[in-house]
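Colleague: Got a structure here, written out as C-alpha cells. Questions coming.
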Amino acid sequence: MYQKKKITFAFGLFLLLLSCTSGKQVQSLPQDVPDRFVKDNMEYAGVMLKLQLADANQKFSTPQGAYPRTADKKGKLVTTSMYDWTPGFFPGNLWYAYEYSKDEALKKEALRWTEKMEPLKNFTEHHDLGFMMYCSYGNAYRLTHNAAYKEILVQSARSLATRFDPKVGSIKSWNRFASWHGDKTYYYPVIVDNLMNLELLFFASEASGDPLFKNIAITHALNAMKNQVRPDYSIYHVVAYDTASSRVVGRETAQGYADNSTWARGQAWAIYGFTMIYRFTKDPQFLKTAEGLADYYINNKNLPADKIPYWDFNIGQPGYTPGVKSNARNVKPPYRDASAAAITASALLELSGYVPAPKAGQYRQFSVATLQSLAEPQYRAKEHTNANFILMHSVGSIPHNNEIDVPLVYADYYFLEALLRYRKIARNEKLFEE
Ligand code: GLY
C-alpha cells in the first residue's frame with residue numbers, strides 16, 4: 001500500500017497541473033504520481049482477481065461456463081453462462097492484470113477462461129459478440145499475437161454481421177423488446193450499447209482485409225448518430241425499426257428511468273463507442289458526436305461532485321415518466337452507477353488524444369478525478385468482500401429490478417482499462433498499436 005496522504009497531495013498537484021495545461025504538456029508531467037496510483041490499484045486488482053479465481057475455478061468445467069458477473073446479497077459470487085453478454089469481461093480483467101504484472105499465473109488463467117469461449121465464434125442470437133469476444137480474445141490476441149485468436153475474432157465478426165440488415169442499416173440488438181408501457185413488442189430493437197460491438201467489426205476488417213465488416217460498422221454508426229443521439233447529445237437507449245419500411249417506429253428505454261431520460265451507462269457506451277469509431281474512421285462527424293456526448297456528461301448539473309453518476313441523469317424530474325411496467329417508478333434512493341463512471345473514464349482518456357487544448361486537458365482531468373473517486377474506500381472494495389470484485393455500487397437494470405447497487409464485472413474491466421490508459425498517457429506512450 002502506498003502512503004495515502006502523500007499521494008493524495010501529489011494527486012491534487014497533478015490534477016491542478018492537468019487543469020491548467022494543454023493536452024500536449026500534460027504528457028511531460030511528473031510520471032511517478034500516476035505510476036504510484038496505477039501501481040496501487042493494479043496490484044490490488046491482481047490480489048482480488050486471484051481470490052475471485054479461487055471461487056470461479058470451482059465451476060470452471062460447467063458445460064456453458066460460469067463466468068463471474070456480480071455478487072448476491074450475502075456477498076457471494078454470481079456467475080452467468082457464456083451465452084449471456086458479459087463472459088468476456090472476466091478473462092479481460094485477467095488479461096489487463098497480466099498486462100500490468102506479467103504474472104504468468106494470471107496469463108495461464110486468462111488463456112483458460114478465454115479459450116473456453118471459442119464456441120461463441122458461431123453465436124448469432126444477440127448482438128453482444130463484440131463485448132464477448134473482443135474483451136476476451138481481442139485482449140488475448142493483442143498480448144500474445146496468436147494467429148488462431150485472430151481467426152476466431154474474424155469468425156465472430158462474421159457471426160455478428162448476420163444480424164445486420166442492409167435495408168435498415170443497423171445491427172439488430174435483441175430479437176424482440178417488450179415496451180415498459182405494455183402496449184407493444186418491437187422486433188428490430190437497436191440499443192445504444194451496440195456501438196461497443198463495432199470494435200470487433202473494425203478489427204476484423206483490418207485483420208482479414210475484407211472491408212465488409214468495416215462498412216457494416218460505419219453504416220450502423222451513421223444510423224445511430226442520426227436516430228439514437230438527441231440534439232442536446234444525450235441518447236435514446238432503444239431505437240426500434242420497422243423492417244419493411246426501415247423507418248423508426250419507437251424510441252424508448254429498457255434500462256433507463258424514462259423513454260426521454262438519459263440512462264447513465266447508455267451515455268457512457270455512446271461516448272466510448274463514438275470515440276472508438278473515430279479511432280478507426282478518422283471521420284470528423286464521429287469526433288464531433290463523441291465530444292458532444294462527453295460534454296453532456298461532464299457538464300451535467302445532476303452529476304455528483306465525486307463524478308460517479310446516478311444510474312440515470314433524469315431520475316424523478318418533472319417531464320420524465322417511467323412506463324407502467326417499469327420498476328423505475330418505485331425505486332429510491334437514486335443509486336450511483338460506478339460502471340458508467342469507469343466506462344466514461346476510459347473513453348475520455350482516449351478522446352483526450354483526439355482533441356486540442358484546452359479540451360484535452362479537461363477530459364484527462366475529469367477522467368483522472370473519476371478514477372481517484374473510484375479508488376476511494378467508498379467505491380473500492382476490501383479483500384474478501386464484494387465477491388472480490390474491485391468496485392462496488394453499480395447498477396445492472398433498475399427497471400428490471402435486477403442487480404441494484406452491486407459489483408459488476410464490467411465496471412472492473414473498464415476501471416482496469418482506464419488505469420492502463422492513464423499510465424500510458426503519463427508515460428507518453430501510444431494507447432493503441434499502429
Ligand atoms: N449492455 C447491457 C448493459 O449495459 O447493461
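Each chain of the C-alpha cells is named A, B, ... in the order shown, its residues numbered from 1; ligands are numbered from 1 in display order.
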Would you kindly return, as a list in words, each protein, DNA or RNA residue with an atom no farther than 12 Å from any atom of Gln58 (chain A), considering only C-alpha atoms and excluding same-chain residues fewer than 5 positions away?

Modeller: Leu51, Gln52, Leu53, Gly65, Ala66, Tyr67, Pro68, Leu77 and Thr79 of chain A

Colleague: Sorted by chain and rising residue number, which residues of chain A lie within 9 Å of ligand 1, and what are their closest atom pairs and distances in Å to one decimal, counting only C-alpha atoms and all ligand atoms, as a tab-separated table?

Modeller:
residue	atom	partner	partner_atom_place_in_ligand_line	distance
A:Trp85	CA	ligand 1	1 (N)	7.1
A:Thr86	CA	ligand 1	1 (N)	8.3
A:Asp128	CA	ligand 1	1 (N)	7.5
A:Phe131	CA	ligand 1	1 (N)	8.4
A:Ile191	CA	ligand 1	1 (N)	8.3
A:Val192	CA	ligand 1	1 (N)	8.5
A:Asp193	CA	ligand 1	1 (N)	5.2
A:Asn194	CA	ligand 1	1 (N)	7.6
A:Met196	CA	ligand 1	1 (N)	8.8
A:Gln255	CA	ligand 1	5 (O)	7.2
A:Arg265	CA	ligand 1	4 (O)	6.2
A:Gly266	CA	ligand 1	4 (O)	6.8
A:Trp269	CA	ligand 1	4 (O)	7.7
A:Ser339	CA	ligand 1	4 (O)	8.8
A:Ala340	CA	ligand 1	4 (O)	8.7
A:Val395	CA	ligand 1	5 (O)	8.3
A:Gly396	CA	ligand 1	5 (O)	5.5
A:Ser397	CA	ligand 1	5 (O)	6.6
A:Tyr410	CA	ligand 1	4 (O)	8.7

Colleague: Take the residues from that selection and put them in a file with N, CA and C atoms, as a compact mmCIF listing (two decimals), in the first residue's frame.

Modeller:
# COMPACT_ATOMS: atom_id res chain seq x y z
N TRP A 85 -24.29 -11.72 -21.98
CA TRP A 85 -23.47 -10.73 -22.69
C TRP A 85 -22.13 -10.44 -22.04
N THR A 86 -21.90 -10.95 -20.81
CA THR A 86 -20.74 -10.48 -20.05
C THR A 86 -19.56 -11.46 -19.88
N ASP A 128 -24.23 -9.04 -28.78
CA ASP A 128 -23.16 -8.73 -27.84
C ASP A 128 -21.83 -9.43 -28.12
N PHE A 131 -18.67 -7.39 -27.25
CA PHE A 131 -18.29 -7.42 -25.83
C PHE A 131 -17.68 -8.78 -25.48
N ILE A 191 -30.03 -1.01 -29.59
CA ILE A 191 -29.73 -0.27 -28.36
C ILE A 191 -28.38 0.41 -28.49
N VAL A 192 -28.24 1.48 -27.72
CA VAL A 192 -27.05 2.32 -27.87
C VAL A 192 -25.78 1.54 -27.53
N ASP A 193 -25.89 0.57 -26.64
CA ASP A 193 -24.76 -0.28 -26.24
C ASP A 193 -24.10 -0.95 -27.46
N ASN A 194 -24.92 -1.14 -28.50
CA ASN A 194 -24.49 -1.85 -29.70
C ASN A 194 -23.26 -1.21 -30.35
N MET A 196 -20.61 -0.44 -29.04
CA MET A 196 -19.40 -1.06 -28.50
C MET A 196 -19.00 -2.30 -29.30
N GLN A 255 -33.34 0.18 -19.90
CA GLN A 255 -32.68 0.19 -18.59
C GLN A 255 -32.61 1.57 -17.95
N ARG A 265 -25.36 4.67 -18.12
CA ARG A 265 -24.43 3.75 -18.79
C ARG A 265 -24.61 3.83 -20.30
N GLY A 266 -25.83 4.11 -20.74
CA GLY A 266 -26.03 4.28 -22.18
C GLY A 266 -25.22 5.45 -22.71
N TRP A 269 -21.66 4.31 -22.87
CA TRP A 269 -21.39 3.46 -24.04
C TRP A 269 -21.25 4.33 -25.29
N SER A 339 -20.20 1.62 -12.81
CA SER A 339 -19.82 1.09 -14.13
C SER A 339 -19.82 2.21 -15.17
N ALA A 340 -20.85 3.07 -15.13
CA ALA A 340 -20.90 4.19 -16.10
C ALA A 340 -19.69 5.09 -15.91
N VAL A 395 -25.07 -0.52 -11.08
CA VAL A 395 -26.48 -0.88 -11.30
C VAL A 395 -26.60 -1.62 -12.62
N GLY A 396 -27.21 -2.82 -12.59
CA GLY A 396 -27.48 -3.54 -13.83
C GLY A 396 -28.70 -2.94 -14.50
N SER A 397 -29.87 -3.21 -13.94
CA SER A 397 -31.09 -2.62 -14.52
C SER A 397 -32.15 -2.41 -13.46
N TYR A 410 -18.10 -5.76 -15.46
CA TYR A 410 -17.67 -4.81 -16.50
C TYR A 410 -17.26 -3.47 -15.89

Colleague: Give the strand (DSSP E or B) residues of region 372-428 of chain A, as DSSP finds them on the backbone, and put them as a list in words.

Modeller: Arg380, Leu391, Ser394, Val395, Gly396, Ser397, Asn402, Glu403, Ile404, Asp405 and Val406 of chain A

Colleague: Quick one: everything within 9 Å of Pro309 (chain A), counting only C-alpha atoms, minus sequence neighbours fewer than 2 positions away in the same chain. Send it as number ranges by chain.

Modeller: A: 264, 297, 302-304, 306-307, 311-313, 335-338, 340-341

Colleague: Determine, counting only C-alpha atoms, which protein, DNA and RNA residues have an atom within 12 Å of an atom of Arg279 (chain A); residues of the same chain fewer than 2 positions away are not included. Present the result as a PDB file with N, CA, C and O atoms, in the first residue's frame.

Modeller:
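Saved result, part-v4.pdb, follows:
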ATOM      1  N   LEU A 198     -19.072  -2.684 -32.376  1.00  0.00           N
ATOM      2  CA  LEU A 198     -18.485  -2.356 -33.678  1.00  0.00           C
ATOM      3  C   LEU A 198     -16.959  -2.485 -33.671  1.00  0.00           C
ATOM      4  O   LEU A 198     -16.340  -2.658 -34.718  1.00  0.00           O
ATOM      5  N   GLU A 199     -16.355  -2.426 -32.497  1.00  0.00           N
ATOM      6  CA  GLU A 199     -14.885  -2.529 -32.431  1.00  0.00           C
ATOM      7  C   GLU A 199     -14.421  -3.866 -33.016  1.00  0.00           C
ATOM      8  O   GLU A 199     -13.412  -3.935 -33.713  1.00  0.00           O
ATOM      9  N   PHE A 202     -14.518  -3.489 -36.860  1.00  0.00           N
ATOM     10  CA  PHE A 202     -13.380  -2.716 -37.389  1.00  0.00           C
ATOM     11  C   PHE A 202     -12.102  -3.558 -37.339  1.00  0.00           C
ATOM     12  O   PHE A 202     -11.321  -3.585 -38.286  1.00  0.00           O
ATOM     13  N   PHE A 203     -11.915  -4.245 -36.224  1.00  0.00           N
ATOM     14  CA  PHE A 203     -10.729  -5.109 -36.093  1.00  0.00           C
ATOM     15  C   PHE A 203     -10.720  -6.162 -37.195  1.00  0.00           C
ATOM     16  O   PHE A 203      -9.694  -6.422 -37.833  1.00  0.00           O
ATOM     17  N   TYR A 272     -17.885   6.248 -25.351  1.00  0.00           N
ATOM     18  CA  TYR A 272     -16.822   5.282 -25.680  1.00  0.00           C
ATOM     19  C   TYR A 272     -16.953   4.841 -27.137  1.00  0.00           C
ATOM     20  O   TYR A 272     -15.980   4.789 -27.891  1.00  0.00           O
ATOM     21  N   GLY A 273     -18.183   4.532 -27.534  1.00  0.00           N
ATOM     22  CA  GLY A 273     -18.423   3.987 -28.881  1.00  0.00           C
ATOM     23  C   GLY A 273     -18.006   4.967 -29.972  1.00  0.00           C
ATOM     24  O   GLY A 273     -17.243   4.608 -30.879  1.00  0.00           O
ATOM     25  N   PHE A 274     -18.489   6.203 -29.907  1.00  0.00           N
ATOM     26  CA  PHE A 274     -18.159   7.145 -30.981  1.00  0.00           C
ATOM     27  C   PHE A 274     -16.674   7.533 -30.958  1.00  0.00           C
ATOM     28  O   PHE A 274     -16.097   7.813 -32.012  1.00  0.00           O
ATOM     29  N   THR A 275     -16.068   7.533 -29.784  1.00  0.00           N
ATOM     30  CA  THR A 275     -14.616   7.791 -29.720  1.00  0.00           C
ATOM     31  C   THR A 275     -13.865   6.680 -30.446  1.00  0.00           C
ATOM     32  O   THR A 275     -12.957   6.932 -31.257  1.00  0.00           O
ATOM     33  N   MET A 276     -14.253   5.440 -30.170  1.00  0.00           N
ATOM     34  CA  MET A 276     -13.603   4.287 -30.813  1.00  0.00           C
ATOM     35  C   MET A 276     -13.875   4.305 -32.332  1.00  0.00           C
ATOM     36  O   MET A 276     -12.975   4.008 -33.132  1.00  0.00           O
ATOM     37  N   ILE A 277     -15.074   4.674 -32.720  1.00  0.00           N
ATOM     38  CA  ILE A 277     -15.411   4.710 -34.157  1.00  0.00           C
ATOM     39  C   ILE A 277     -14.542   5.770 -34.859  1.00  0.00           C
ATOM     40  O   ILE A 277     -14.059   5.553 -35.973  1.00  0.00           O
ATOM     41  N   THR A 281     -12.062   5.401 -38.120  1.00  0.00           N
ATOM     42  CA  THR A 281     -12.514   6.047 -39.357  1.00  0.00           C
ATOM     43  C   THR A 281     -11.855   7.397 -39.627  1.00  0.00           C
ATOM     44  O   THR A 281     -11.800   7.833 -40.770  1.00  0.00           O
ATOM     45  N   LYS A 282     -11.465   8.073 -38.553  1.00  0.00           N
ATOM     46  CA  LYS A 282     -10.951   9.462 -38.640  1.00  0.00           C
ATOM     47  C   LYS A 282     -11.969  10.381 -39.324  1.00  0.00           C
ATOM     48  O   LYS A 282     -11.611  11.405 -39.911  1.00  0.00           O
ATOM     49  N   ASP A 283     -13.246  10.038 -39.221  1.00  0.00           N
ATOM     50  CA  ASP A 283     -14.302  10.874 -39.791  1.00  0.00           C
ATOM     51  C   ASP A 283     -14.712  11.905 -38.740  1.00  0.00           C
ATOM     52  O   ASP A 283     -15.198  11.553 -37.663  1.00  0.00           O
ATOM     53  N   PRO A 284     -14.534  13.219 -39.060  1.00  0.00           N
ATOM     54  CA  PRO A 284     -14.755  14.257 -38.041  1.00  0.00           C
ATOM     55  C   PRO A 284     -16.177  14.289 -37.464  1.00  0.00           C
ATOM     56  O   PRO A 284     -16.370  14.759 -36.348  1.00  0.00           O
ATOM     57  N   PHE A 286     -17.876  11.823 -36.439  1.00  0.00           N
ATOM     58  CA  PHE A 286     -17.912  10.939 -35.264  1.00  0.00           C
ATOM     59  C   PHE A 286     -17.194  11.595 -34.075  1.00  0.00           C
ATOM     60  O   PHE A 286     -17.621  11.432 -32.928  1.00  0.00           O
ATOM     61  N   LEU A 287     -16.138  12.320 -34.364  1.00  0.00           N
ATOM     62  CA  LEU A 287     -15.426  13.018 -33.278  1.00  0.00           C
ATOM     63  C   LEU A 287     -16.326  14.088 -32.664  1.00  0.00           C
ATOM     64  O   LEU A 287     -16.423  14.215 -31.437  1.00  0.00           O
ATOM     65  N   ALA A 290     -18.779  12.397 -30.457  1.00  0.00           N
ATOM     66  CA  ALA A 290     -18.160  11.929 -29.205  1.00  0.00           C
ATOM     67  C   ALA A 290     -17.955  13.103 -28.244  1.00  0.00           C
ATOM     68  O   ALA A 290     -18.232  12.997 -27.042  1.00  0.00           O
ATOM     69  N   ALA A 347     -13.053   6.026 -21.727  1.00  0.00           N
ATOM     70  CA  ALA A 347     -13.342   6.662 -23.018  1.00  0.00           C
ATOM     71  C   ALA A 347     -12.707   8.052 -23.105  1.00  0.00           C
ATOM     72  O   ALA A 347     -12.129   8.427 -24.127  1.00  0.00           O
ATOM     73  N   GLU A 350      -9.069   8.191 -24.046  1.00  0.00           N
ATOM     74  CA  GLU A 350      -8.824   8.066 -25.487  1.00  0.00           C
ATOM     75  C   GLU A 350      -9.217   9.360 -26.202  1.00  0.00           C
ATOM     76  O   GLU A 350      -8.452   9.890 -27.008  1.00  0.00           O
ATOM     77  N   LEU A 351     -10.398   9.872 -25.880  1.00  0.00           N
ATOM     78  CA  LEU A 351     -10.899  11.069 -26.568  1.00  0.00           C
ATOM     79  C   LEU A 351      -9.938  12.250 -26.385  1.00  0.00           C
ATOM     80  O   LEU A 351      -9.777  13.069 -27.295  1.00  0.00           O
ATOM     81  N   SER A 352      -9.299  12.299 -25.237  1.00  0.00           N
ATOM     82  CA  SER A 352      -8.383  13.425 -24.973  1.00  0.00           C
ATOM     83  C   SER A 352      -7.216  13.442 -25.966  1.00  0.00           C
ATOM     84  O   SER A 352      -6.605  14.483 -26.169  1.00  0.00           O
ATOM     85  N   GLY A 353      -6.967  12.304 -26.581  1.00  0.00           N
ATOM     86  CA  GLY A 353      -5.885  12.249 -27.569  1.00  0.00           C
ATOM     87  C   GLY A 353      -6.290  12.768 -28.940  1.00  0.00           C
ATOM     88  O   GLY A 353      -5.451  12.908 -29.824  1.00  0.00           O
ATOM     89  N   TYR A 354      -7.583  13.038 -29.122  1.00  0.00           N
ATOM     90  CA  TYR A 354      -8.069  13.441 -30.451  1.00  0.00           C
ATOM     91  C   TYR A 354      -8.496  14.905 -30.515  1.00  0.00           C
ATOM     92  O   TYR A 354      -8.935  15.365 -31.567  1.00  0.00           O
ATOM     93  N   LEU A 431      -1.657   4.742 -27.040  1.00  0.00           N
ATOM     94  CA  LEU A 431      -2.688   3.893 -26.438  1.00  0.00           C
ATOM     95  C   LEU A 431      -2.914   2.629 -27.258  1.00  0.00           C
ATOM     96  O   LEU A 431      -3.286   1.591 -26.722  1.00  0.00           O
ATOM     97  N   PHE A 432      -2.714   2.739 -28.572  1.00  0.00           N
ATOM     98  CA  PHE A 432      -3.022   1.597 -29.455  1.00  0.00           C
ATOM     99  C   PHE A 432      -1.848   1.333 -30.373  1.00  0.00           C
ATOM    100  O   PHE A 432      -1.180   2.265 -30.813  1.00  0.00           O
ATOM    101  N   GLU A 433      -1.662   0.038 -30.669  1.00  0.00           N
ATOM    102  CA  GLU A 433      -0.616  -0.310 -31.629  1.00  0.00           C
ATOM    103  C   GLU A 433      -1.056   0.148 -33.005  1.00  0.00           C
ATOM    104  O   GLU A 433      -2.236   0.060 -33.332  1.00  0.00           O
ATOM    105  N   GLU A 434      -0.131   0.591 -33.823  1.00  0.00           N
ATOM    106  CA  GLU A 434      -0.493   1.056 -35.175  1.00  0.00           C
ATOM    107  C   GLU A 434      -0.825  -0.147 -36.040  1.00  0.00           C
ATOM    108  O   GLU A 434      -0.219  -1.181 -35.943  1.00  0.00           O
TER     109      GLU A 434
END

Colleague: Show me, as a list in words, the residues that have an atom within 7 Å of Glu417 (chain A) when counting only C-alpha atoms, minus same-chain residues fewer than 3 positions from it.

Modeller: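 So the residues in contact are Tyr96, Ser346, Tyr413, Tyr414, Leu420 and Arg421 of chain A.
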
Colleague: Emit the selected residues as a compact mmCIF listing (two decimals), in the first residue's frame, including all heavy atoms.

Modeller:
# COMPACT_ATOMS: atom_id res chain seq x y z
N TYR A 96 -5.84 -7.81 -18.45
CA TYR A 96 -5.32 -6.49 -18.03
C TYR A 96 -4.39 -6.64 -16.83
O TYR A 96 -3.35 -5.99 -16.75
CB TYR A 96 -6.47 -5.53 -17.70
CG TYR A 96 -7.15 -4.95 -18.93
CD1 TYR A 96 -8.52 -4.70 -18.94
CD2 TYR A 96 -6.42 -4.61 -20.06
CE1 TYR A 96 -9.15 -4.15 -20.06
CE2 TYR A 96 -7.03 -4.07 -21.18
CZ TYR A 96 -8.39 -3.84 -21.18
OH TYR A 96 -9.00 -3.29 -22.28
N SER A 346 -12.48 5.68 -19.01
CA SER A 346 -11.62 5.06 -20.02
C SER A 346 -11.79 5.77 -21.37
O SER A 346 -10.82 6.08 -22.06
CB SER A 346 -11.95 3.57 -20.14
OG SER A 346 -11.06 2.96 -21.03
N TYR A 413 -13.70 -4.09 -15.40
CA TYR A 413 -12.99 -4.16 -16.67
C TYR A 413 -12.58 -2.75 -17.16
O TYR A 413 -11.42 -2.50 -17.50
CB TYR A 413 -13.86 -4.85 -17.73
CG TYR A 413 -13.23 -4.94 -19.09
CD1 TYR A 413 -12.39 -6.02 -19.43
CD2 TYR A 413 -13.44 -3.96 -20.05
CE1 TYR A 413 -11.80 -6.10 -20.67
CE2 TYR A 413 -12.84 -4.03 -21.30
CZ TYR A 413 -12.03 -5.10 -21.61
OH TYR A 413 -11.44 -5.17 -22.85
N TYR A 414 -13.56 -1.83 -17.16
CA TYR A 414 -13.24 -0.50 -17.70
C TYR A 414 -12.39 0.31 -16.72
O TYR A 414 -11.63 1.19 -17.13
CB TYR A 414 -14.52 0.22 -18.15
CG TYR A 414 -15.09 -0.48 -19.37
CD1 TYR A 414 -16.15 -1.38 -19.26
CD2 TYR A 414 -14.52 -0.30 -20.62
CE1 TYR A 414 -16.64 -2.06 -20.37
CE2 TYR A 414 -14.99 -0.98 -21.74
CZ TYR A 414 -16.05 -1.86 -21.61
OH TYR A 414 -16.50 -2.54 -22.71
N LEU A 420 -4.72 1.49 -17.10
CA LEU A 420 -3.61 1.22 -18.02
C LEU A 420 -3.47 2.34 -19.06
O LEU A 420 -2.36 2.71 -19.44
CB LEU A 420 -3.81 -0.14 -18.70
CG LEU A 420 -3.73 -1.35 -17.75
CD1 LEU A 420 -3.97 -2.65 -18.50
CD2 LEU A 420 -2.39 -1.41 -17.02
N ARG A 421 -4.61 2.89 -19.49
CA ARG A 421 -4.55 4.02 -20.43
C ARG A 421 -3.90 5.24 -19.76
O ARG A 421 -3.10 5.95 -20.37
CB ARG A 421 -5.96 4.37 -20.91
CG ARG A 421 -6.52 3.36 -21.89
CD ARG A 421 -7.92 3.76 -22.37
NE ARG A 421 -8.34 2.84 -23.43
CZ ARG A 421 -9.43 3.00 -24.17
NH1 ARG A 421 -10.22 4.04 -23.97
NH2 ARG A 421 -9.73 2.14 -25.12

Colleague: Give me the residues within 8 Å of Arg163 (chain A) as an MDAnalysis selection string, counting only C-alpha atoms and dropping any in the same chain fewer than 2 places off.

Modeller: chainID A and resid 124 126:127 159:161 165 171:173

Colleague: I'd like the contact shell of Met225 (chain A) - 12 Å cut-off, only C-alpha atoms, skipping same-chain residues fewer than 4 positions apart - returned as a list of chain:residue names.

Modeller: A:Gly169, A:Ser170, A:Val192, A:Leu195, A:Ile218, A:Thr219, A:His220, A:Ala221, A:Val229, A:Arg230, A:Pro231, A:Tyr233, A:Ser234, A:Ile235, A:Tyr236, A:Val239, A:Ala270, A:Ile271, A:Gly273, A:Phe274, A:Ile277, A:Gln285, A:Phe286, A:Leu287, A:Lys288, A:Thr289, A:Ala290, A:Gly292, A:Leu293

Colleague: Based on DSSP run over this structure's backbone, return all residues of region 229-303 of chain A in helix (DSSP H, G or I), as a ChimeraX atom specification.

Modeller: /A:264-281,284-298

Colleague: Of the candidates A:Ala258, A:Leu222, A:Ala375, A:Met48, which shows the shortest atom-to-atom distance to His237 (chain A), using only C-alpha atoms?

Modeller: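 Among the listed residues, A:Ala258 lies closest to His237 (chain A).
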
Colleague: Just checking: using only C-alpha atoms, which residue out of A:Asp40, A:Ala97, A:Ile390, A:Leu419 ends up closest to Ala71 (chain A)?

Modeller: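 Using only C-alpha atoms, Ala71 (chain A) sits closest to A:Ile390.
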
Colleague: May I ask for the distance between CA of Lys301 (chain A) and CA of Tyr278 (chain A), given in Å to one decimal place?

Modeller: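 Spanning CA of Lys301 (chain A) to CA of Tyr278 (chain A) is a straight-line distance of 27.3 Å.
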
Colleague: Nearest residue to Glu376 (chain A) out of A:Ala56, A:Ala207, A:Ile404, A:Ile308, using only C-alpha atoms?

Modeller: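 Of A:Ala56, A:Ala207, A:Ile404, A:Ile308, the one nearest Glu376 (chain A), counting only C-alpha atoms, is A:Ile308.
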